[in-house]
Amino acid sequence: RSAHDSGHPADAVDHDKQRRLTRAAAAYRKRHDLLETAARFDVIAITWPAGKGKPVIEHFKNAFDATE
């Protein structure tokens, strides 16, 4: 995003998206026999303001728990 006019980029990871990501991660872990391995869900928010040479990158560790 070039601004926070539509909200912070991390806000795009709403409950519905968290649920879909959780399901995708569970399917991946099952397929690769990793169900006993802990998983962590991080969110990376990138804003690249107009006229700026570099983006602003924020890393939210453990941003949400698995939802079902």
# chains A, B, ... in the order shown; residues from 1 in each chain; ligands from 1
call {"tool": "residues_around", "arguments": {"residues": "A:Ile57", "least_positions_apart": "3", "cutoff": "8 Å", "atoms": "only C-alpha atoms", "output": "JSON, numbers by chain"}}
result
{"A": [44, 45, 46, 47]}
call {"tool": "closest_atom_pairs", "arguments": {"of": "stretch 37-64 of chain A", "to": "stretch 16-20 of chain A", "cutoff": "10 Å", "atoms": "only C-alpha atoms", "output": "CSV"}}
result
residue,atom,partner,partner_atom,distance
A:Phe41,CA,A:Gln18,CA,8.9
A:Ala63,CA,A:Gln18,CA,9.8
A:Phe64,CA,A:Gln18,CA,7.5
call {"tool": "write_last_selection", "arguments": {"atoms": "N, CA and C atoms", "output": "PDB file, in the first residue's frame"}}
result
ATOM      1  N   PHE A  41       2.135 -18.066  13.118  1.00  0.00           N
ATOM      2  CA  PHE A  41       1.574 -17.229  12.068  1.00  0.00           C
ATOM      3  C   PHE A  41       2.054 -15.789  12.264  1.00  0.00           C
ATOM      4  N   ALA A  63       1.329 -13.215  15.119  1.00  0.00           N
ATOM      5  CA  ALA A  63       0.256 -12.237  14.919  1.00  0.00           C
ATOM      6  C   ALA A  63      -1.121 -12.774  15.288  1.00  0.00           C
ATOM      7  N   PHE A  64      -1.316 -14.073  15.110  1.00  0.00           N
ATOM      8  CA  PHE A  64      -2.603 -14.675  15.489  1.00  0.00           C
ATOM      9  C   PHE A  64      -2.407 -16.157  15.755  1.00  0.00           C
TER      10      PHE A  64
END
call {"tool": "residues_around", "arguments": {"residues": "A:Thr22", "least_positions_apart": "4", "cutoff": "8 Å", "atoms": "only C-alpha atoms", "output": "number ranges by chain"}}
result
A: 18, 26, 66-68
call {"tool": "closest_residue", "arguments": {"among": "A:Ala25, A:Thr37, A:Val43, A:Lys30", "to": "A:Ala12", "atoms": "only C-alpha atoms"}}
result
A:Val43
call {"tool": "atom_distance", "arguments": {"atom1": "atom CA of A:Asp14", "atom2": "atom CA of A:Leu35"}}
result
24.3 Å
